[in-house]
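Peer 1: Quick one: the structure is below, questions incoming.
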Amino acid sequence: MTERHSGSDSGTGLEGATVLVTGGAGLVGSRIVGRLRELGARPLALCTMDAYPPTVYRKLFGVGAGHVVTGDVRDTVLVNRLMREADFVVHAAALADVAACTRLPQDAIDHNVSGTQAVLSAAAASRRLKRLVFVSSASVYGNGNPDDWAGPRDEHRSTRELLACVYGQMPPRFGEERPLRPLSVYANTKAFGEIQTELVLRPAGTSYSVVRYFSVYGQPQVIKPGSHSWVVAWFAARAAAGLPLHLNGGGHQVRDFVHVDDIAEGTLRALTAPASDRVTVNIGTGRPTTIRRVADLVAGHFPGTRIMETPMPPGDPLGGCAGTALMQRALGWQPRIGVEDGIARYVRWLKSTPAALPGWLRQEAEAAGRRPR
Ligand SMILES: NC(=O)c1ccc[n+]([C@@H]2O[C@H](COP(=O)([O-])OP(=O)(O)OC[C@H]3O[C@@H](n4cnc5c(N)ncnc54)[C@H](O)[C@@H]3O)[C@@H](O)[C@H]2O)c1
């Protein structure tokens, strides 16, 4: 169903261990669970399984009945029970769609803030737990320091001005020491989770690590209506449907694209690496890629694809790439899959997996007189 990970190095210390993975049926969680099985660990996946239609979980993510405890991290009785069995925890459950968090801020706070508190409280009470990894996001950096962008020193510069500054210059590199400047509800919930992890687990003497994922992509990621997250999947799906690609704000935003196989590997390393105890670490490639470049790469696989400019959505950061020095030091590792290769793999998977093209996108294409390719 998905291409297998090659080159394993995260196994140390996880063989035979029970690892609670919240959000364990989601894109990242299911990949982590798969890796844990390969490593001889005992993954315990907990997930609401309501972020996608059931067929996506079953057919695309390969999550079968009996693989997952279907439940909510806010269910403290359930979380406490699972926590008692856990040697390690990866807390990846979240409302992960930035636009949905903006539309439904209370839901974002319920899942990402209250849910995280429930997991942290249970972790702090555990006598068995060796380490918890809190999954955060590079969105906590926002646009970085205003000084990162050329032009007048004015915190209130418009997006248009900032974009004009971005074009043709090096984007910022976000080191972990940067101040947190969330621009969206989603990012704010992640900033809360990071700080709360330290506030709850440090005094309890529980080992933890925070991982800040940059832009995750790779098969079997699928798109959702009304979302602007997951641009590789969006562009590939629209191109496959024969629809034009939308460059929000001109596509000058910069992202650091990390393949989901690398994300899983880096997260497992953070679970066990001695040097990542109580450390917040980026998981990124250190390589900036503009959204426009992603559109060009995807369009290269679907000749004749049109690319058009559309307005910038609110809360969409201009972005940057990961500083990777601490990641390399703390995890003894760096991602292996480059964006060109990763996009080619994604397109190959999409072309061979018709179920990955959602019905609503097919209908949009048909209404526009386009035929899926
Ligand atoms: N995808 C990215 O680009 C990206 C980037 C940075 C960080 N992250 C973070 O990585 C983690 C995994 O993201 P993903 O892309 O796999 O998202 P996803 O939506 O595929 O998976 C998250 C899963 O968590 C589940 N979930 C949500 N609330 C829950 C709750 N209260 N209790 C139990 N389960 C719950 C959902 O049903 C979903 O299956 C999230 O924490 C996300 O914020 C993702």
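Letters for chains follow the order of the structure tokens (A, B, ...), residue numbers begin at 1 for each chain, and ligand numbers begin at 1 in the order shown.
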Counting only C-alpha atoms and all ligand atoms, what residues are within 8 Å of ligand 1, given as an NGL selection string?
Peer 2: :A and (22-30 or 46-52 or 57 or 70-74 or 91-97 or 110-112 or 115 or 135-139 or 186 or 190 or 212-217 or 221 or 229-230)
Peer 1: Using the selection just defined, write its residues with N, CA and C atoms as a compact mmCIF listing (two decimals), in the first residue's frame.
Peer 2:
```txt
# COMPACT_ATOMS: atom_id res chain seq x y z
N THR A 22 -0.82 8.29 20.54
CA THR A 22 -2.13 8.95 20.40
C THR A 22 -2.23 9.49 18.97
N GLY A 23 -3.44 9.48 18.44
CA GLY A 23 -3.58 9.82 17.02
C GLY A 23 -2.97 8.73 16.15
N GLY A 24 -2.92 7.51 16.70
CA GLY A 24 -2.16 6.42 16.07
C GLY A 24 -2.74 5.87 14.79
N ALA A 25 -3.94 6.35 14.39
CA ALA A 25 -4.48 5.91 13.10
C ALA A 25 -4.33 6.98 12.04
N GLY A 26 -3.85 8.18 12.42
CA GLY A 26 -3.70 9.28 11.48
C GLY A 26 -2.51 9.06 10.55
N LEU A 27 -2.24 10.04 9.73
CA LEU A 27 -1.15 9.89 8.75
C LEU A 27 0.17 9.57 9.44
N VAL A 28 0.57 10.43 10.34
CA VAL A 28 1.86 10.25 11.01
C VAL A 28 1.79 9.09 11.99
N GLY A 29 0.70 9.07 12.78
CA GLY A 29 0.57 8.03 13.81
C GLY A 29 0.61 6.64 13.21
N SER A 30 -0.08 6.43 12.11
CA SER A 30 -0.12 5.08 11.52
C SER A 30 1.26 4.69 11.00
N LEU A 46 -4.12 4.88 19.95
CA LEU A 46 -5.38 5.45 20.44
C LEU A 46 -5.77 6.57 19.49
N CYS A 47 -7.00 6.51 19.00
CA CYS A 47 -7.38 7.52 18.00
C CYS A 47 -8.89 7.64 17.92
N THR A 48 -9.37 8.87 17.71
CA THR A 48 -10.81 9.06 17.50
C THR A 48 -11.24 8.55 16.12
N MET A 49 -10.31 8.49 15.21
CA MET A 49 -10.57 8.02 13.84
C MET A 49 -11.72 8.78 13.19
N ASP A 50 -11.78 10.08 13.43
CA ASP A 50 -12.85 10.85 12.79
C ASP A 50 -12.30 12.04 11.98
N ALA A 51 -11.00 12.00 11.72
CA ALA A 51 -10.43 13.10 10.94
C ALA A 51 -10.60 12.87 9.44
N TYR A 52 -10.94 11.65 9.07
CA TYR A 52 -11.12 11.28 7.65
C TYR A 52 -12.31 10.32 7.56
N TYR A 57 -9.01 5.70 6.46
CA TYR A 57 -8.24 4.99 7.50
C TYR A 57 -7.99 3.54 7.06
N THR A 70 -10.25 2.73 19.63
CA THR A 70 -10.98 3.92 19.16
C THR A 70 -11.45 4.69 20.39
N GLY A 71 -10.91 5.86 20.58
CA GLY A 71 -11.27 6.64 21.76
C GLY A 71 -10.58 7.98 21.72
N ASP A 72 -10.86 8.77 22.74
CA ASP A 72 -10.45 10.17 22.76
C ASP A 72 -9.44 10.39 23.89
N VAL A 73 -8.42 11.17 23.60
CA VAL A 73 -7.43 11.44 24.66
C VAL A 73 -8.02 12.23 25.82
N ARG A 74 -9.19 12.84 25.61
CA ARG A 74 -9.83 13.57 26.71
C ARG A 74 -10.56 12.62 27.66
N HIS A 91 2.66 11.55 21.72
CA HIS A 91 1.37 12.24 21.72
C HIS A 91 1.23 13.02 20.42
N ALA A 92 0.60 12.37 19.45
CA ALA A 92 0.43 12.98 18.12
C ALA A 92 -1.02 13.33 17.83
N ALA A 93 -1.95 12.96 18.72
CA ALA A 93 -3.36 13.26 18.46
C ALA A 93 -3.57 14.77 18.47
N ALA A 94 -4.25 15.27 17.47
CA ALA A 94 -4.56 16.70 17.42
C ALA A 94 -5.54 16.95 16.29
N LEU A 95 -6.26 18.05 16.41
CA LEU A 95 -6.95 18.58 15.25
C LEU A 95 -5.84 19.24 14.44
N ALA A 96 -5.42 18.56 13.37
CA ALA A 96 -4.17 18.93 12.70
C ALA A 96 -4.37 19.81 11.46
N ASP A 97 -5.62 20.08 11.13
CA ASP A 97 -5.92 20.88 9.95
C ASP A 97 -6.00 22.35 10.38
N ASP A 110 -10.28 22.21 22.58
CA ASP A 110 -10.73 20.98 23.25
C ASP A 110 -9.76 19.82 22.96
N HIS A 111 -9.49 19.60 21.67
CA HIS A 111 -8.64 18.45 21.30
C HIS A 111 -7.18 18.69 21.65
N ASN A 112 -6.69 19.86 21.27
CA ASN A 112 -5.24 20.06 21.32
C ASN A 112 -4.74 20.59 22.67
N GLY A 115 -7.02 17.95 25.49
CA GLY A 115 -6.55 16.58 25.21
C GLY A 115 -5.10 16.40 25.63
N VAL A 135 4.27 15.97 20.07
CA VAL A 135 4.40 16.34 18.66
C VAL A 135 3.91 17.77 18.47
N SER A 136 4.85 18.65 18.16
CA SER A 136 4.52 20.05 17.89
C SER A 136 4.73 20.34 16.40
N SER A 137 4.79 21.60 16.09
CA SER A 137 4.78 21.99 14.68
C SER A 137 5.64 23.24 14.49
N ALA A 138 6.25 23.35 13.32
CA ALA A 138 7.03 24.55 13.00
C ALA A 138 6.15 25.78 12.92
N SER A 139 4.83 25.58 12.90
CA SER A 139 3.94 26.75 12.86
C SER A 139 4.13 27.63 14.10
N TYR A 186 -4.32 27.02 15.62
CA TYR A 186 -3.61 25.74 15.61
C TYR A 186 -2.21 25.90 16.21
N LYS A 190 -0.33 24.41 19.74
CA LYS A 190 0.95 23.68 19.78
C LYS A 190 1.94 24.36 20.73
N ARG A 212 9.30 19.40 16.73
CA ARG A 212 8.58 20.37 15.89
C ARG A 212 8.69 19.92 14.44
N TYR A 213 7.61 19.33 13.97
CA TYR A 213 7.61 18.89 12.56
C TYR A 213 7.51 20.10 11.66
N PHE A 214 8.29 20.08 10.59
CA PHE A 214 8.06 21.05 9.52
C PHE A 214 6.97 20.45 8.62
N SER A 215 6.91 20.76 7.34
CA SER A 215 5.73 20.36 6.54
C SER A 215 5.79 18.88 6.16
N VAL A 216 4.87 18.12 6.72
CA VAL A 216 4.85 16.67 6.49
C VAL A 216 4.13 16.38 5.18
N TYR A 217 4.69 15.49 4.39
CA TYR A 217 4.02 15.09 3.16
C TYR A 217 4.42 13.64 2.87
N GLN A 221 -0.96 10.56 2.35
CA GLN A 221 -1.64 11.79 2.76
C GLN A 221 -2.74 12.14 1.77
N SER A 229 -4.04 22.97 4.14
CA SER A 229 -2.84 22.25 4.57
C SER A 229 -2.51 21.16 3.56
N TRP A 230 -1.28 20.66 3.63
CA TRP A 230 -0.86 19.50 2.86
C TRP A 230 -0.79 19.80 1.35
```
Peer 1: Applying 12 Å and only C-alpha atoms, which residues near Ala237 in chain A remain after dropping the ones on its own chain fewer than 6 positions away? List them as a ChimeraX atom specification.
Peer 2: /A:219-225,230-231,243-246,295,298-299,301-302,305,343,346-351,353-362,364-365,372-373
Peer 1: Check range 5-83 of chain A with DSSP on the backbone and list each residue it calls alpha helix (DSSP H), as a list of chain:residue names.
Peer 2: A:Leu27, A:Val28, A:Gly29, A:Ser30, A:Arg31, A:Ile32, A:Val33, A:Gly34, A:Arg35, A:Leu36, A:Arg37, A:Glu38, A:Pro54, A:Thr55, A:Thr76, A:Val77, A:Leu78, A:Val79, A:Asn80, A:Arg81, A:Leu82, A:Met83
Peer 1: Tell me which of A:Pro314, A:Gly144, A:Gly286, A:Gly205 sits closest to Ser227 in chain A, counting only C-alpha atoms.
Peer 2: A:Pro314
Peer 1: Name the residues of range 3-175 of chain A that fall into strand (DSSP E) according to DSSP on the backbone, using the chain letters and numbers of this document, as a ChimeraX atom specification.
Peer 2: /A:18-22,42-47,68-70,88-91,131-137,173-174
Peer 1: Looking at only C-alpha atoms, which of A:Arg329, A:Arg287, A:Arg269, A:Arg202 is the one that sits closest to Pro172 in chain A?
Peer 2: A:Arg287
Peer 1: Quick one: residues within 12 Å of Gln117 in chain A, only C-alpha atoms counted, chain neighbours fewer than 3 positions away excluded, as a PyMOL selection string?
Peer 2: chain A and resi 73-76+79+91+93+109-114+120-124+134+189-190+192-201
Peer 1: Keeping N, CA and C atoms, export the residues of the selection given above as a PDB file, in the first residue's frame.
Peer 2:
```pdb
ATOM      1  N   VAL A  73      -8.424  11.174  23.604  1.00  0.00           N
ATOM      2  CA  VAL A  73      -7.426  11.438  24.655  1.00  0.00           C
ATOM      3  C   VAL A  73      -8.020  12.230  25.818  1.00  0.00           C
ATOM      4  N   ARG A  74      -9.190  12.839  25.606  1.00  0.00           N
ATOM      5  CA  ARG A  74      -9.830  13.568  26.714  1.00  0.00           C
ATOM      6  C   ARG A  74     -10.563  12.622  27.658  1.00  0.00           C
ATOM      7  N   ASP A  75     -10.654  11.358  27.283  1.00  0.00           N
ATOM      8  CA  ASP A  75     -11.271  10.352  28.153  1.00  0.00           C
ATOM      9  C   ASP A  75     -10.206   9.922  29.169  1.00  0.00           C
ATOM     10  N   THR A  76     -10.232  10.550  30.326  1.00  0.00           N
ATOM     11  CA  THR A  76      -9.118  10.372  31.268  1.00  0.00           C
ATOM     12  C   THR A  76      -9.048   8.941  31.813  1.00  0.00           C
ATOM     13  N   VAL A  79      -7.356   6.972  29.046  1.00  0.00           N
ATOM     14  CA  VAL A  79      -5.937   7.356  28.899  1.00  0.00           C
ATOM     15  C   VAL A  79      -5.122   6.849  30.085  1.00  0.00           C
ATOM     16  N   HIS A  91       2.661  11.550  21.717  1.00  0.00           N
ATOM     17  CA  HIS A  91       1.369  12.243  21.721  1.00  0.00           C
ATOM     18  C   HIS A  91       1.229  13.025  20.417  1.00  0.00           C
ATOM     19  N   ALA A  93      -1.947  12.959  18.719  1.00  0.00           N
ATOM     20  CA  ALA A  93      -3.364  13.262  18.457  1.00  0.00           C
ATOM     21  C   ALA A  93      -3.570  14.768  18.470  1.00  0.00           C
ATOM     22  N   ILE A 109      -9.126  23.916  20.726  1.00  0.00           N
ATOM     23  CA  ILE A 109      -8.707  24.008  22.134  1.00  0.00           C
ATOM     24  C   ILE A 109      -9.103  22.730  22.875  1.00  0.00           C
ATOM     25  N   ASP A 110     -10.285  22.213  22.579  1.00  0.00           N
ATOM     26  CA  ASP A 110     -10.727  20.979  23.253  1.00  0.00           C
ATOM     27  C   ASP A 110      -9.764  19.822  22.958  1.00  0.00           C
ATOM     28  N   HIS A 111      -9.488  19.600  21.671  1.00  0.00           N
ATOM     29  CA  HIS A 111      -8.643  18.446  21.302  1.00  0.00           C
ATOM     30  C   HIS A 111      -7.180  18.690  21.645  1.00  0.00           C
ATOM     31  N   ASN A 112      -6.689  19.858  21.274  1.00  0.00           N
ATOM     32  CA  ASN A 112      -5.236  20.064  21.318  1.00  0.00           C
ATOM     33  C   ASN A 112      -4.745  20.588  22.667  1.00  0.00           C
ATOM     34  N   VAL A 113      -5.613  21.294  23.379  1.00  0.00           N
ATOM     35  CA  VAL A 113      -5.200  21.820  24.684  1.00  0.00           C
ATOM     36  C   VAL A 113      -5.698  20.894  25.796  1.00  0.00           C
ATOM     37  N   SER A 114      -7.021  20.705  25.881  1.00  0.00           N
ATOM     38  CA  SER A 114      -7.545  19.826  26.943  1.00  0.00           C
ATOM     39  C   SER A 114      -7.048  18.394  26.745  1.00  0.00           C
ATOM     40  N   LEU A 120      -0.806  14.518  29.472  1.00  0.00           N
ATOM     41  CA  LEU A 120       0.318  14.897  30.339  1.00  0.00           C
ATOM     42  C   LEU A 120       0.057  14.524  31.797  1.00  0.00           C
ATOM     43  N   SER A 121      -1.184  14.724  32.259  1.00  0.00           N
ATOM     44  CA  SER A 121      -1.503  14.378  33.649  1.00  0.00           C
ATOM     45  C   SER A 121      -1.301  12.886  33.874  1.00  0.00           C
ATOM     46  N   ALA A 122      -1.777  12.085  32.915  1.00  0.00           N
ATOM     47  CA  ALA A 122      -1.623  10.630  33.049  1.00  0.00           C
ATOM     48  C   ALA A 122      -0.144  10.254  32.994  1.00  0.00           C
ATOM     49  N   ALA A 123       0.613  10.921  32.131  1.00  0.00           N
ATOM     50  CA  ALA A 123       2.045  10.613  32.010  1.00  0.00           C
ATOM     51  C   ALA A 123       2.780  10.954  33.300  1.00  0.00           C
ATOM     52  N   ALA A 124       2.421  12.083  33.889  1.00  0.00           N
ATOM     53  CA  ALA A 124       3.106  12.515  35.115  1.00  0.00           C
ATOM     54  C   ALA A 124       2.845  11.532  36.256  1.00  0.00           C
ATOM     55  N   PHE A 134       6.138  14.900  22.771  1.00  0.00           N
ATOM     56  CA  PHE A 134       5.015  15.739  22.357  1.00  0.00           C
ATOM     57  C   PHE A 134       5.262  16.202  20.921  1.00  0.00           C
ATOM     58  N   THR A 189      -2.206  26.399  19.889  1.00  0.00           N
ATOM     59  CA  THR A 189      -2.419  25.182  20.696  1.00  0.00           C
ATOM     60  C   THR A 189      -1.125  24.374  20.789  1.00  0.00           C
ATOM     61  N   LYS A 190      -0.326  24.411  19.743  1.00  0.00           N
ATOM     62  CA  LYS A 190       0.950  23.675  19.777  1.00  0.00           C
ATOM     63  C   LYS A 190       1.936  24.363  20.726  1.00  0.00           C
ATOM     64  N   PHE A 192       1.087  26.046  23.326  1.00  0.00           N
ATOM     65  CA  PHE A 192       0.616  25.655  24.655  1.00  0.00           C
ATOM     66  C   PHE A 192       1.137  24.261  25.010  1.00  0.00           C
ATOM     67  N   GLY A 193       0.972  23.322  24.085  1.00  0.00           N
ATOM     68  CA  GLY A 193       1.367  21.937  24.359  1.00  0.00           C
ATOM     69  C   GLY A 193       2.844  21.822  24.691  1.00  0.00           C
ATOM     70  N   GLU A 194       3.663  22.563  23.968  1.00  0.00           N
ATOM     71  CA  GLU A 194       5.114  22.521  24.233  1.00  0.00           C
ATOM     72  C   GLU A 194       5.419  22.976  25.647  1.00  0.00           C
ATOM     73  N   ILE A 195       4.874  24.132  25.992  1.00  0.00           N
ATOM     74  CA  ILE A 195       5.199  24.712  27.305  1.00  0.00           C
ATOM     75  C   ILE A 195       4.591  23.870  28.412  1.00  0.00           C
ATOM     76  N   GLN A 196       3.369  23.401  28.173  1.00  0.00           N
ATOM     77  CA  GLN A 196       2.690  22.614  29.195  1.00  0.00           C
ATOM     78  C   GLN A 196       3.406  21.282  29.429  1.00  0.00           C
ATOM     79  N   THR A 197       3.966  20.711  28.368  1.00  0.00           N
ATOM     80  CA  THR A 197       4.718  19.461  28.522  1.00  0.00           C
ATOM     81  C   THR A 197       5.838  19.666  29.538  1.00  0.00           C
ATOM     82  N   GLU A 198       6.550  20.755  29.372  1.00  0.00           N
ATOM     83  CA  GLU A 198       7.631  21.029  30.326  1.00  0.00           C
ATOM     84  C   GLU A 198       7.087  21.317  31.729  1.00  0.00           C
ATOM     85  N   LEU A 199       6.011  22.131  31.796  1.00  0.00           N
ATOM     86  CA  LEU A 199       5.476  22.516  33.107  1.00  0.00           C
ATOM     87  C   LEU A 199       4.954  21.326  33.897  1.00  0.00           C
ATOM     88  N   VAL A 200       4.397  20.340  33.182  1.00  0.00           N
ATOM     89  CA  VAL A 200       3.818  19.185  33.887  1.00  0.00           C
ATOM     90  C   VAL A 200       4.872  18.109  34.130  1.00  0.00           C
ATOM     91  N   LEU A 201       5.703  17.830  33.129  1.00  0.00           N
ATOM     92  CA  LEU A 201       6.566  16.641  33.238  1.00  0.00           C
ATOM     93  C   LEU A 201       7.895  16.922  33.955  1.00  0.00           C
TER      94      LEU A 201
END
```
Peer 1: Find the residues near Leu326 in chain A: any atom within 8 Å, counting only C-alpha atoms, skip ones fewer than 5 places away on the same chain, and give them as a list in words.
Peer 2: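 Counting only C-alpha atoms, the residues come to Glu176, Val281 and Asn282 of chain A.
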Peer 1: Create the file for the chosen residues now, containing C-alpha atoms and written as a tab-separated table (two decimals), in the first residue's frame.
Peer 2:
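File selection.tsv, as written:
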```tsv
chain	number	residue	atom	x	y	z
A	176	GLU	CA	14.81	26.03	18.24
A	281	VAL	CA	14.03	19.69	18.49
A	282	ASN	CA	13.08	20.53	14.90
```
Peer 1: For Val33 in chain A, which residue among A:Ala264, A:Val69, A:Ile337, A:Ala270 is the nearest when counting only C-alpha atoms?
Peer 2: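 The closest residue to Val33 in chain A is A:Ala264.
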Peer 1: To one decimal place in Å, what is the distance between CA of Phe61 in chain A and CA of Phe257 in chain A?
Peer 2: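 Rounded to one decimal, the two atoms are 20.1 Å apart.
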Peer 1: Rank A:Pro43, A:Gly323, A:Pro311, A:Gly300 by their smallest atom-to-atom distance to Asp256 in chain A, using only C-alpha atoms, and report the top residue only.
Peer 2: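 Comparing A:Pro43, A:Gly323, A:Pro311, A:Gly300 against Asp256 in chain A, the winner is A:Gly323.
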Peer 1: Counting only C-alpha atoms, which residue out of A:Thr290, A:Asn188, A:Thr116, A:Asn145 sits closest to Phe174 in chain A?
Peer 2: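 So, comparing all the options, the nearest one is A:Asn145.
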Peer 1: Suppose you want the space between CA of Ala187 in chain A and CA of Tyr208 in chain A; what is it in Å?
Peer 2: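 A separation of 20.1 Å between them.
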Peer 1: In Å, rounded to a single decimal, give me how far CA of Val279 in chain A is from CA of Gly320 in chain A.
Peer 2: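 Going from CA of Gly320 in chain A over to CA of Val279 in chain A covers 21.0 Å.
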Peer 1: Could you check the closest approach to Arg181 in chain A for each of A:Pro317, A:Leu132, A:Leu268, A:Gly332 and tell me which residue wins, using only C-alpha atoms?
Peer 2: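 Using only C-alpha atoms, Arg181 in chain A sits closest to A:Pro317.
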